[in-house]
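Structure file data-v5.txt (compact mmCIF, C-alpha atoms) follows.
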# COMPACT_ATOMS: atom_id res chain seq x y z
CA MET F 1 9.99 13.66 2.60
CA ILE F 2 7.15 12.56 4.86
CA GLY F 3 6.64 14.60 8.02
CA ILE F 4 5.10 12.94 11.06
CA ILE F 5 3.37 15.48 13.26
CA ASP F 6 4.31 15.32 16.93
CA TYR F 7 1.74 17.05 19.07
CA HIS F 8 3.04 15.66 22.32
CA LEU F 9 0.46 12.98 23.01
CA ASN F 10 2.35 9.79 22.36
CA ASN F 11 5.32 7.94 21.00
CA LEU F 12 5.51 8.26 17.23
CA ARG F 13 8.49 6.05 16.71
CA SER F 14 6.35 3.06 15.67
CA VAL F 15 4.92 5.05 12.77
CA GLN F 16 8.36 6.19 11.65
CA LYS F 17 9.72 2.66 12.03
CA ALA F 18 6.90 1.27 9.87
CA PHE F 19 7.86 3.72 7.09
CA GLU F 20 11.50 2.64 7.50
CA LYS F 21 10.45 -0.96 6.98
CA VAL F 22 9.07 -0.13 3.56
CA GLY F 23 12.14 1.92 2.73
CA VAL F 24 10.62 5.37 3.15
CA ASP F 25 12.35 8.25 4.93
CA SER F 26 10.32 10.31 7.33
CA PHE F 27 10.93 12.76 10.14
CA ILE F 28 9.11 13.47 13.38
CA SER F 29 8.63 17.10 14.32
CA ASP F 30 6.53 19.45 16.41
CA ASN F 31 7.91 22.45 14.56
CA ALA F 32 5.60 24.29 12.17
CA ALA F 33 8.39 25.57 9.92
CA GLU F 34 9.93 22.14 9.52
CA LEU F 35 6.59 20.46 8.88
CA ARG F 36 5.73 23.05 6.22
CA LYS F 37 8.64 21.69 4.17
CA ALA F 38 7.22 18.16 4.07
CA ASP F 39 5.81 16.79 0.78
CA LYS F 40 3.39 14.61 2.70
CA LEU F 41 2.13 14.85 6.25
CA VAL F 42 1.03 12.14 8.63
CA LEU F 43 -1.16 13.04 11.59
CA PRO F 44 -1.01 10.07 13.95
CA GLY F 45 -2.32 9.84 17.45
CA VAL F 46 -3.92 8.12 20.34
CA GLY F 47 -5.51 9.92 23.24
CA ALA F 48 -8.45 12.23 23.71
CA PHE F 49 -9.84 14.44 20.94
CA GLY F 50 -10.14 17.66 22.97
CA GLN F 51 -6.60 17.45 24.32
CA ALA F 52 -5.26 16.67 20.85
CA MET F 53 -6.92 19.73 19.29
CA GLN F 54 -5.64 21.88 22.12
CA ASN F 55 -2.08 20.61 21.68
CA LEU F 56 -2.21 21.07 17.90
CA HIS F 57 -3.43 24.59 18.37
CA SER F 58 -0.92 25.61 21.02
CA LEU F 59 1.92 24.32 18.83
CA GLY F 60 0.48 26.16 15.83
CA LEU F 61 0.16 22.90 13.96
CA ASP F 62 -3.57 23.01 13.21
CA ALA F 63 -2.82 25.81 10.76
CA VAL F 64 0.01 23.80 9.20
CA VAL F 65 -2.27 20.81 8.59
CA LYS F 66 -4.98 23.01 7.08
CA GLU F 67 -2.53 24.84 4.78
CA HIS F 68 -0.98 21.54 3.74
CA ALA F 69 -4.38 20.07 2.86
CA ALA F 70 -5.45 23.23 1.02
CA SER F 71 -2.26 23.18 -1.08
CA GLY F 72 -3.26 19.77 -2.46
CA LYS F 73 -0.38 17.89 -0.85
CA TYR F 74 -1.12 14.45 0.56
CA LEU F 75 -2.24 14.13 4.15
CA LEU F 76 -2.82 10.94 6.14
CA GLY F 77 -4.60 10.83 9.49
CA ILE F 78 -4.17 7.70 11.59
CA CYS F 79 -6.60 6.66 14.34
CA LEU F 80 -7.29 9.78 16.43
CA GLY F 81 -5.42 11.64 13.68
CA MET F 82 -8.13 10.65 11.21
CA GLN F 83 -10.89 11.67 13.62
CA LEU F 84 -9.28 15.10 14.03
CA LEU F 85 -9.79 15.73 10.30
CA PHE F 86 -13.56 15.77 10.82
CA THR F 87 -15.91 18.62 11.69
CA LYS F 88 -16.73 17.73 15.24
CA SER F 89 -16.34 15.10 17.95
CA TYR F 90 -18.50 14.05 20.86
CA GLU F 91 -15.63 12.47 22.80
CA LEU F 92 -15.98 13.55 26.45
CA GLY F 93 -17.90 16.67 25.47
CA GLU F 94 -18.24 18.45 22.18
CA PHE F 95 -15.17 19.63 20.32
CA ASP F 96 -14.52 21.20 16.94
CA GLY F 97 -12.10 19.31 14.72
CA LEU F 98 -9.97 20.49 11.81
CA ASN F 99 -13.08 20.38 9.61
CA LEU F 100 -11.26 19.17 6.52
CA VAL F 101 -13.75 16.33 6.11
CA ASN F 102 -17.44 16.86 6.65
CA GLY F 103 -18.74 14.59 9.39
CA GLU F 104 -18.76 13.73 13.06
CA VAL F 105 -16.97 11.49 15.53
CA LYS F 106 -19.31 9.47 17.72
CA VAL F 107 -19.11 6.97 20.56
CA PHE F 108 -19.88 3.31 19.91
CA PRO F 109 -23.38 2.18 20.92
CA THR F 110 -23.78 0.45 24.28
CA SER F 111 -24.49 -2.85 22.53
CA VAL F 112 -20.77 -3.46 21.83
CA LYS F 113 -17.65 -3.64 23.97
CA VAL F 114 -15.64 -0.46 24.16
CA PRO F 115 -12.83 0.08 23.32
CA HIS F 116 -13.08 -1.77 20.02
CA MET F 117 -9.73 -3.44 20.52
CA GLY F 118 -7.96 -6.06 18.47
CA TRP F 119 -7.79 -7.44 14.94
CA ASN F 120 -10.79 -6.80 12.72
CA GLN F 121 -11.29 -6.86 8.97
CA VAL F 122 -11.57 -4.24 6.26
CA GLU F 123 -14.29 -4.50 3.63
CA ILE F 124 -13.38 -2.52 0.57
CA VAL F 125 -16.16 -0.13 -0.44
CA ARG F 126 -14.31 1.49 -3.29
CA GLN F 127 -10.90 1.05 -4.82
CA SER F 128 -8.12 3.56 -4.49
CA PRO F 129 -4.36 3.58 -5.12
CA ILE F 130 -3.79 3.50 -1.35
CA LEU F 131 -5.49 0.08 -1.31
CA ASN F 132 -3.24 -1.44 -3.98
CA GLY F 133 -2.34 -4.98 -2.98
CA VAL F 134 -4.66 -4.97 0.04
CA GLU F 135 -6.94 -7.96 0.04
CA GLU F 136 -10.61 -7.88 0.91
CA LYS F 137 -11.19 -8.83 4.57
CA SER F 138 -7.58 -8.33 5.59
CA PHE F 139 -7.09 -8.21 9.36
CA VAL F 140 -5.80 -4.96 10.84
CA TYR F 141 -5.31 -3.75 14.43
CA PHE F 142 -7.85 -1.38 15.96
CA VAL F 143 -7.95 0.42 19.31
CA HIS F 144 -10.62 3.08 19.63
CA SER F 145 -13.80 4.00 21.47
CA TYR F 146 -15.16 6.46 18.89
CA PHE F 147 -15.80 6.15 15.18
CA VAL F 148 -16.29 8.59 12.28
CA GLU F 149 -19.54 9.20 10.50
CA PRO F 150 -18.78 11.05 7.26
CA LYS F 151 -21.55 13.18 5.78
CA GLU F 152 -20.18 12.74 2.29
CA ASN F 153 -19.17 9.80 0.20
CA VAL F 154 -15.55 9.45 1.33
CA THR F 155 -15.54 5.90 2.73
CA LEU F 156 -12.89 3.60 1.27
CA THR F 157 -13.30 0.67 3.65
CA GLN F 158 -15.76 -0.28 6.33
CA THR F 159 -15.48 -2.66 9.26
CA ASP F 160 -18.11 -4.78 10.95
CA TYR F 161 -18.43 -4.38 14.71
CA GLY F 162 -22.06 -5.34 15.17
CA PHE F 163 -22.72 -2.57 12.66
CA LYS F 164 -20.54 -1.25 9.84
CA PHE F 165 -18.43 1.80 10.48
CA THR F 166 -16.00 3.68 8.25
CA SER F 167 -12.45 2.42 8.74
CA MET F 168 -10.69 4.29 5.90
CA ILE F 169 -11.49 7.48 4.02
CA GLU F 170 -10.27 9.31 0.94
CA GLN F 171 -11.25 12.84 0.01
CA LYS F 172 -9.05 14.07 -2.83
CA ASN F 173 -5.59 14.48 -1.27
CA ILE F 174 -6.77 13.61 2.25
CA PHE F 175 -6.65 10.05 3.58
CA GLY F 176 -7.66 8.63 6.93
CA ILE F 177 -7.12 5.24 8.57
CA GLN F 178 -8.99 4.38 11.78
CA PHE F 179 -6.83 1.37 12.62
CA HIS F 180 -3.09 1.32 13.24
CA PRO F 181 -1.21 0.47 10.04
CA GLU F 182 2.04 0.59 12.02
CA LYS F 183 0.73 -2.27 14.19
CA SER F 184 -0.96 -4.27 11.44
CA GLN F 185 1.92 -6.26 9.99
CA THR F 186 2.01 -6.68 6.20
CA THR F 187 -1.36 -5.09 5.38
CA GLY F 188 -0.47 -2.01 7.38
CA LEU F 189 2.94 -1.73 5.79
CA GLN F 190 1.41 -2.05 2.33
CA LEU F 191 -0.91 0.89 3.05
CA LEU F 192 1.96 3.08 4.24
CA LYS F 193 4.03 2.11 1.22
CA ASN F 194 1.10 2.96 -1.05
CA PHE F 195 0.68 6.32 0.66
CA SER F 196 4.36 7.10 0.21
CA GLU F 197 4.05 6.34 -3.52
CA LEU F 198 1.02 8.55 -4.15
CA MET O 1 -15.93 -9.13 12.74
CA LEU O 2 -13.50 -8.66 15.58
CA ALA O 3 -11.18 -11.64 15.93
CA LYS O 4 -10.44 -13.33 19.24
CA ARG O 5 -6.88 -12.75 20.35
CA ILE O 6 -4.13 -15.10 21.50
CA ILE O 7 -1.55 -13.43 23.71
CA PRO O 8 1.63 -15.15 24.87
CA CYS O 9 2.94 -13.84 28.17
CA LEU O 10 6.65 -13.62 28.90
CA ASP O 11 7.93 -13.39 32.47
CA VAL O 12 11.02 -11.23 32.50
CA ASP O 13 13.50 -10.99 35.38
CA LYS O 14 16.40 -8.56 35.12
CA GLY O 15 15.91 -8.37 31.38
CA ARG O 16 15.82 -12.13 30.80
CA VAL O 17 12.94 -14.52 30.12
CA VAL O 18 12.72 -16.80 33.12
CA LYS O 19 10.24 -19.44 32.02
CA GLY O 20 10.14 -21.35 28.80
CA THR O 21 13.59 -20.77 27.45
CA ASN O 22 13.76 -23.99 25.47
CA PHE O 23 13.37 -22.37 22.10
CA LEU O 24 15.89 -24.44 20.27
CA THR O 25 15.71 -22.39 17.11
CA LEU O 26 16.61 -19.11 18.77
CA VAL O 27 20.18 -17.96 19.15
CA ASP O 28 19.47 -16.51 22.57
CA ALA O 29 16.24 -17.96 23.92
CA GLY O 30 16.56 -16.01 27.15
CA ASP O 31 16.35 -12.71 25.31
CA PRO O 32 12.77 -11.41 25.55
CA VAL O 33 13.13 -9.57 22.26
CA GLU O 34 14.15 -12.75 20.43
CA GLN O 35 11.12 -14.55 21.82
CA ALA O 36 8.85 -11.64 21.01
CA LYS O 37 10.04 -11.65 17.40
CA PHE O 38 9.42 -15.35 17.21
CA TYR O 39 5.85 -15.07 18.50
CA ASP O 40 5.21 -12.15 16.17
CA SER O 41 6.30 -14.23 13.17
CA GLU O 42 4.24 -17.16 14.39
CA GLY O 43 1.00 -15.18 14.40
CA ALA O 44 0.54 -14.06 18.00
CA ASP O 45 -1.96 -11.20 18.13
CA GLU O 46 -0.29 -9.30 20.95
CA LEU O 47 2.36 -9.86 23.59
CA ILE O 48 2.59 -9.20 27.29
CA PHE O 49 5.84 -8.84 29.19
CA LEU O 50 5.58 -9.23 32.92
CA ASP O 51 8.55 -7.71 34.71
CA ILE O 52 8.86 -9.86 37.82
CA THR O 53 12.08 -8.20 38.97
CA ALA O 54 11.46 -7.33 42.58
CA SER O 55 13.57 -4.20 42.83
CA SER O 56 12.87 -1.05 40.92
CA ASP O 57 16.60 -0.56 40.25
CA ASN O 58 16.10 -2.61 37.16
CA ARG O 59 13.75 -0.14 35.53
CA SER O 60 16.35 0.85 32.96
CA THR O 61 16.87 -2.80 32.00
CA MET O 62 13.17 -3.16 31.28
CA ILE O 63 13.09 0.13 29.38
CA ASP O 64 15.83 -1.23 27.17
CA VAL O 65 13.73 -4.37 26.51
CA VAL O 66 10.76 -2.14 25.62
CA ARG O 67 12.84 -0.05 23.22
CA ARG O 68 14.33 -3.03 21.47
CA THR O 69 10.97 -4.79 21.23
CA ALA O 70 9.37 -1.70 19.73
CA GLU O 71 12.09 -1.68 17.08
CA GLU O 72 11.76 -5.34 16.21
CA VAL O 73 8.14 -6.34 16.69
CA SER O 74 5.17 -5.26 14.60
CA ILE O 75 2.29 -6.30 16.87
CA PRO O 76 1.06 -4.45 19.97
CA PHE O 77 2.67 -5.25 23.32
CA THR O 78 1.91 -4.57 26.96
CA ILE O 79 4.29 -4.12 29.87
CA GLY O 80 3.29 -5.06 33.41
CA GLY O 81 5.07 -5.25 36.74
CA GLY O 82 6.27 -2.53 39.06
CA ILE O 83 4.32 0.33 37.49
CA ARG O 84 3.25 2.61 40.32
CA THR O 85 2.90 6.13 38.97
CA THR O 86 1.84 7.97 35.83
CA ASN O 87 5.53 8.80 35.38
CA ASP O 88 6.30 5.08 35.22
CA MET O 89 3.53 4.74 32.63
CA ARG O 90 4.83 7.60 30.56
CA GLU O 91 8.37 6.27 30.53
CA ILE O 92 7.23 2.86 29.29
CA LEU O 93 4.75 4.17 26.74
CA ARG O 94 7.24 6.69 25.40
CA SER O 95 9.76 3.89 24.99
CA GLY O 96 7.37 2.20 22.59
CA ALA O 97 5.01 -0.07 24.55
CA ASP O 98 1.36 0.10 23.46
CA LYS O 99 -0.17 -0.56 26.86
CA VAL O 100 0.75 -0.78 30.49
CA SER O 101 -0.71 -3.22 32.95
CA ILE O 102 -1.19 -2.30 36.60
CA ASN O 103 -2.23 -4.53 39.47
CA THR O 104 -1.21 -3.84 43.09
CA ALA O 105 -0.72 -0.13 42.40
CA ALA O 106 -4.28 0.15 41.08
CA VAL O 107 -5.70 -1.41 44.24
CA ASN O 108 -3.57 0.76 46.51
CA ASN O 109 -4.31 3.89 44.52
CA PRO O 110 -7.36 3.49 42.24
CA GLN O 111 -6.96 7.09 41.10
CA LEU O 112 -3.94 5.85 39.11
CA ILE O 113 -6.42 4.26 36.66
CA ASN O 114 -8.22 7.57 36.14
CA ASP O 115 -4.96 9.50 35.81
CA GLY O 116 -3.47 6.98 33.39
CA ALA O 117 -6.60 6.96 31.23
CA GLU O 118 -6.86 10.74 31.17
CA ASN O 119 -3.21 11.23 30.33
CA TYR O 120 -2.60 8.43 27.88
CA GLY O 121 -6.04 7.19 26.84
CA VAL O 122 -8.15 4.28 28.05
CA GLN O 123 -6.76 2.08 25.30
CA CYS O 124 -3.39 1.76 26.99
CA ILE O 125 -4.48 1.07 30.57
CA VAL O 126 -4.85 -2.62 31.36
CA VAL O 127 -5.81 -3.57 34.90
CA ALA O 128 -4.57 -7.00 35.92
CA ILE O 129 -6.66 -8.71 38.59
CA ASP O 130 -5.48 -11.74 40.54
CA ALA O 131 -8.57 -13.58 41.71
CA LYS O 132 -8.95 -16.37 44.23
CA LYS O 133 -12.16 -18.16 45.07
CA VAL O 134 -13.22 -17.66 48.69
CA ILE O 135 -16.61 -19.33 48.68
CA GLU O 136 -18.69 -20.83 45.90
CA ASN O 137 -19.29 -18.22 43.18
CA LYS O 138 -17.33 -15.52 45.01
CA TRP O 139 -13.80 -14.36 44.32
CA LYS O 140 -11.54 -11.93 46.17
CA VAL O 141 -8.81 -9.70 44.71
CA PHE O 142 -5.26 -10.53 45.79
CA ILE O 143 -2.25 -8.25 45.42
CA HIS O 144 1.55 -8.37 45.81
CA GLY O 145 1.82 -11.22 43.34
CA GLY O 146 -0.98 -13.09 45.09
CA ARG O 147 0.53 -12.94 48.57
CA THR O 148 -1.90 -10.45 50.10
CA GLU O 149 -5.65 -10.82 50.29
CA THR O 150 -7.77 -7.69 49.96
CA GLU O 151 -11.36 -7.00 50.88
CA LEU O 152 -12.27 -6.36 47.25
CA ASP O 153 -14.79 -8.53 45.45
CA VAL O 154 -13.47 -9.32 41.96
CA VAL O 155 -16.65 -8.43 40.08
CA GLU O 156 -17.10 -5.14 41.94
CA TRP O 157 -13.45 -4.25 41.48
CA ALA O 158 -13.62 -5.02 37.74
CA GLN O 159 -16.63 -2.72 37.44
CA GLU O 160 -14.84 0.02 39.37
CA CYS O 161 -11.81 -0.33 37.07
CA GLU O 162 -14.07 0.11 34.06
CA GLU O 163 -15.72 3.20 35.53
CA ARG O 164 -12.34 4.71 36.31
CA GLY O 165 -11.16 4.29 32.74
CA ALA O 166 -9.46 0.92 32.37
CA GLY O 167 -9.43 -0.15 28.73
CA GLU O 168 -9.12 -3.82 29.39
CA ILE O 169 -9.02 -6.35 32.22
CA MET O 170 -6.55 -9.16 32.47
CA LEU O 171 -8.14 -11.65 34.82
CA THR O 172 -5.98 -14.36 36.38
CA SER O 173 -7.39 -17.22 38.39
CA MET O 174 -4.88 -17.95 41.14
CA ASP O 175 -6.65 -21.24 41.78
CA ARG O 176 -5.96 -22.37 38.24
CA ASP O 177 -2.66 -20.67 37.51
CA GLY O 178 -0.02 -23.28 36.77
CA THR O 179 -2.43 -26.22 37.05
CA LYS O 180 -3.10 -26.75 33.33
CA ASP O 181 -6.65 -27.72 34.36
CA GLY O 182 -8.25 -25.03 32.24
CA TYR O 183 -9.34 -21.46 32.88
CA ASP O 184 -11.84 -20.73 35.66
CA ILE O 185 -14.83 -20.36 33.35
CA ALA O 186 -17.29 -19.40 36.11
CA LEU O 187 -15.04 -16.55 37.23
CA LEU O 188 -14.43 -15.31 33.68
CA LYS O 189 -18.10 -15.45 32.78
CA LYS O 190 -19.08 -13.57 35.88
CA VAL O 191 -16.73 -10.75 34.92
CA THR O 192 -17.50 -10.66 31.18
CA ASP O 193 -21.19 -10.46 32.10
CA SER O 194 -20.52 -7.50 34.39
CA VAL O 195 -18.27 -5.19 32.34
CA ARG O 196 -18.28 -3.71 28.85
CA ILE O 197 -14.53 -3.57 28.36
CA PRO O 198 -12.55 -6.46 26.87
CA VAL O 199 -11.44 -9.24 29.22
CA ILE O 200 -8.29 -11.34 28.82
CA ALA O 201 -8.48 -14.81 30.36
CA SER O 202 -5.42 -15.96 32.27
CA GLY O 203 -4.40 -18.89 34.43
CA GLY O 204 -4.85 -22.58 33.77
CA ALA O 205 -4.51 -23.16 30.03
CA GLY O 206 -3.19 -26.66 29.40
CA THR O 207 -4.84 -27.70 26.14
CA LEU O 208 -6.28 -26.06 23.05
CA GLU O 209 -9.78 -27.01 24.23
CA HIS O 210 -9.18 -24.77 27.22
CA LEU O 211 -8.65 -21.80 24.91
CA TYR O 212 -11.85 -22.66 23.09
CA ASP O 213 -13.81 -22.99 26.34
CA ALA O 214 -12.76 -19.52 27.46
CA PHE O 215 -13.97 -17.99 24.19
CA ASN O 216 -17.09 -20.08 23.80
CA ASP O 217 -18.30 -20.50 27.38
CA ALA O 218 -17.01 -17.33 29.03
CA ALA O 219 -17.11 -14.91 26.06
CA VAL O 220 -13.65 -13.53 26.74
CA ASP O 221 -11.97 -11.37 24.11
CA ALA O 222 -8.49 -12.76 24.43
CA VAL O 223 -6.62 -15.61 26.05
CA LEU O 224 -3.27 -15.27 27.67
CA ALA O 225 -1.12 -18.34 27.82
CA ALA O 226 2.40 -18.99 28.90
CA SER O 227 3.55 -22.56 29.32
CA ILE O 228 1.58 -24.23 26.52
CA PHE O 229 3.39 -22.00 24.03
CA HIS O 230 6.72 -21.52 25.78
CA PHE O 231 7.40 -25.21 26.06
CA ARG O 232 6.30 -25.72 22.46
CA GLN O 233 3.50 -28.05 23.47
CA PHE O 234 1.52 -26.17 20.84
CA THR O 235 2.38 -23.47 18.36
CA ILE O 236 0.26 -20.35 17.94
CA LYS O 237 -0.55 -21.61 14.47
CA GLN O 238 -1.89 -24.91 15.81
CA ALA O 239 -3.98 -23.05 18.37
CA LYS O 240 -5.47 -20.86 15.67
CA GLU O 241 -6.19 -23.77 13.35
CA PHE O 242 -7.95 -25.57 16.18
CA LEU O 243 -10.04 -22.53 17.11
CA ARG O 244 -10.93 -21.88 13.48
CA SER O 245 -12.12 -25.49 13.11
CA LYS O 246 -14.46 -24.77 16.04
CA ASN O 247 -15.78 -21.62 14.34
CA ILE O 248 -13.98 -19.12 16.53
CA LEU O 249 -12.86 -16.15 14.43
CA VAL O 250 -9.12 -15.71 14.72
CA ARG O 251 -6.73 -13.63 12.67
CA THR O 252 -5.16 -15.46 9.76
Structure encoded using structure tokens:
Amino acid sequence: MIGIIDYHLNNLRSVQKAFEKVGVDSFISDNAAELRKADKLVLPGVGAFGQAMQNLHSLGLDAVVKEHAASGKYLLGICLGMQLLFTKSYELGEFDGLNLVNGEVKVFPTSVKVPHMGWNQVEIVRQSPILNGVEEKSFVYFVHSYFVEPKENVTLTQTDYGFKFTSMIEQKNIFGIQFHPEKSQTTGLQLLKNFSEL
Amino acid sequence: MLAKRIIPCLDVDKGRVVKGTNFLTLVDAGDPVEQAKFYDSEGADELIFLDITASSDNRSTMIDVVRRTAEEVSIPFTIGGGIRTTNDMREILRSGADKVSINTAAVNNPQLINDGAENYGVQCIVVAIDAKKVIENKWKVFIHGGRTETELDVVEWAQECEERGAGEIMLTSMDRDGTKDGYDIALLKKVTDSVRIPVIASGGAGTLEHLYDAFNDAAVDAVLAASIFHFRQFTIKQAKEFLRSKNILVRT
């Protein structure tokens, strides 16, 4: 069963509903013991990085995510949830992340509009089972003001917003998606289905 | 690259769509959720529901619309109308809306923008601005559905909204709204030149060329349209084909 981590920042129903649409059962929980039983974990999220880390920590869920990743079980971070997997973020200050993926979260340059909001395309950098059936240059829905800069070669897809930034990552059992698969119609659903079948 | 967005807007009164209910193919064309599903399937990039119900007693009716839409629709949607506090925002966002739009409440209490952005993130705070031209090249902000003039200059107010944490501006020209004469390009351009957040053009769309003009001449990020889609003058698909033929990047 897929566990969706609720760290009290937003409504997670849309993520659960998207899994339902592809016939996958999932549960939403903020409880460490319950989430430890999940085969796969999804760390979703919108909101601010610092607040998210604080909430995860006060609910004891940062430890759950780290244990889960260390055990080799599949983990998927979505949007802010993907950014939290990284070493450090510069969103409204400087905050340590979960440090499961080596790299930093940075603000977009002043040359582009922020937030990066709307439908943009994914360019596949390297193939992966999670990308099965996803076409090159598919449109997906983004809403974010910060982007990840991995220090290692984990980029699966990149997206062009005046410059190319990493929009999906894979590092062994850890996956990250910067856009919102639950708001990206068929392409998004395909990704979630693929994740559930890993 | 980032695609330009087309956003149909549905006016909802007491849980029912009040304009453009001649969707012959829908079982219940007055049901906002039915219309939302239809626009989703047709390729709309987002949706906006404007709750025009005057009294706040109907909050629960709107919450029910939000819940049902979140269950049925797979594109992002925004709720506007009657949102006055961060509690109102939370209730709507927790029910499944992606963004909230505030207008009069933001003017009366600009701190609401900061509080909303800090609590829920800039990405879900849309500030709607109703603009009316007062002299050549100068527009004032109006509130209470356009009935009350304020002292605020539209460009300055848009910049203040951005500083306070608005994620997006929905800019309506009261002079053009309902005319079908096209968007107020000068107004839109003035604002897109002055802020770094996305701007949604609203008010005046009557033809597909008007949509193109807003993207091409005023560099807006999205166009909001009501009547040209509601009355089936054009479909979303036709609008996108037209824009694509003019080299505007839209989502396929």
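Neighbours of O:Gly15 closer than or equal to 12 Å, with only C-alpha atoms counted and sequence neighbours fewer than 2 positions away skipped, come out as O:Leu10, O:Asp11, O:Val12, O:Asp13, O:Val17, O:Val18, O:Gly30, O:Asp31, O:Pro32, O:Val33, O:Glu34, O:Phe49, O:Leu50, O:Asp51, O:Ile52, O:Thr53, O:Asp57, O:Asn58, O:Arg59, O:Ser60, O:Thr61, O:Met62, O:Ile63, O:Asp64, O:Val65, O:Val66, O:Arg68, O:Thr69.
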TODO: Would you kindly return, as a count of residues only, each protein, DNA or RNA residue with an atom no farther than 12 Å from any atom of F:Val15, considering all atoms listed in the file and excluding same-chain residues fewer than 2 positions away?
DONE: 41
- [ ] Dump as a PyMOL selection string the residues of chain O that approach chain F to within 6 Å, counting all atoms listed in the file.
- [x] chain O and resi 1-3+74-75+94+120-121+196-197
Open item on the list: Report, in Å with one decimal, the straight-line distance from atom CA of O:Met170 to atom CA of O:Ile200.
Closed with: 4.6 Å
Find the spatial neighbours of stretch 124-130 of chain F, counting all atoms listed in the file, within a cut-off of 6 Å - ignore same-chain residues fewer than 3 positions away - and output them as a PDB file with C-alpha atoms, in the frame of the given file.
ATOM      1  CA  LEU F 156     -12.890   3.600   1.270  1.00  0.00           C
ATOM      2  CA  THR F 157     -13.300   0.670   3.650  1.00  0.00           C
ATOM      3  CA  LEU F 191      -0.910   0.890   3.050  1.00  0.00           C
ATOM      4  CA  ASN F 194       1.100   2.960  -1.050  1.00  0.00           C
ATOM      5  CA  PHE F 195       0.680   6.320   0.660  1.00  0.00           C
TER       6      PHE F 195
END
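Take the candidates O:Val250, O:Ile6, O:Val126, O:Ala219 and check each one against O:Ile113 using all atoms listed in the file; the shortest distance goes to O:Val126.
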- [ ] Pick out the residues sitting within 8 Å of stretch 128-130 of chain O, and hand them over as a PyMOL selection string; count all atoms listed in the file, and ignore anything fewer than 5 positions along from it in its own chain.
- [x] chain O and resi 101-103+141-143+145-146+154+158+169-174
Output C-alpha atoms for every residue in the selection just made, as a compact mmCIF listing (two decimals), keeping the file's coordinate frame.
# COMPACT_ATOMS: atom_id res chain seq x y z
CA SER O 101 -0.71 -3.22 32.95
CA ILE O 102 -1.19 -2.30 36.60
CA ASN O 103 -2.23 -4.53 39.47
CA VAL O 141 -8.81 -9.70 44.71
CA PHE O 142 -5.26 -10.53 45.79
CA ILE O 143 -2.25 -8.25 45.42
CA GLY O 145 1.82 -11.22 43.34
CA GLY O 146 -0.98 -13.09 45.09
CA VAL O 154 -13.47 -9.32 41.96
CA ALA O 158 -13.62 -5.02 37.74
CA ILE O 169 -9.02 -6.35 32.22
CA MET O 170 -6.55 -9.16 32.47
CA LEU O 171 -8.14 -11.65 34.82
CA THR O 172 -5.98 -14.36 36.38
CA SER O 173 -7.39 -17.22 38.39
CA MET O 174 -4.88 -17.95 41.14
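When atom CA of F:Asp30 is paired with atom CA of F:Tyr7, their separation reads 6.0 Å.
Residue neighbourhood of F:Asn55, excluding near-sequence residues (fewer than 5 positions): Tyr7, His8, Leu9, Gly50, Gly60, Leu61 and Asp62 of chain F, at 9 Å, using all atoms listed in the file.
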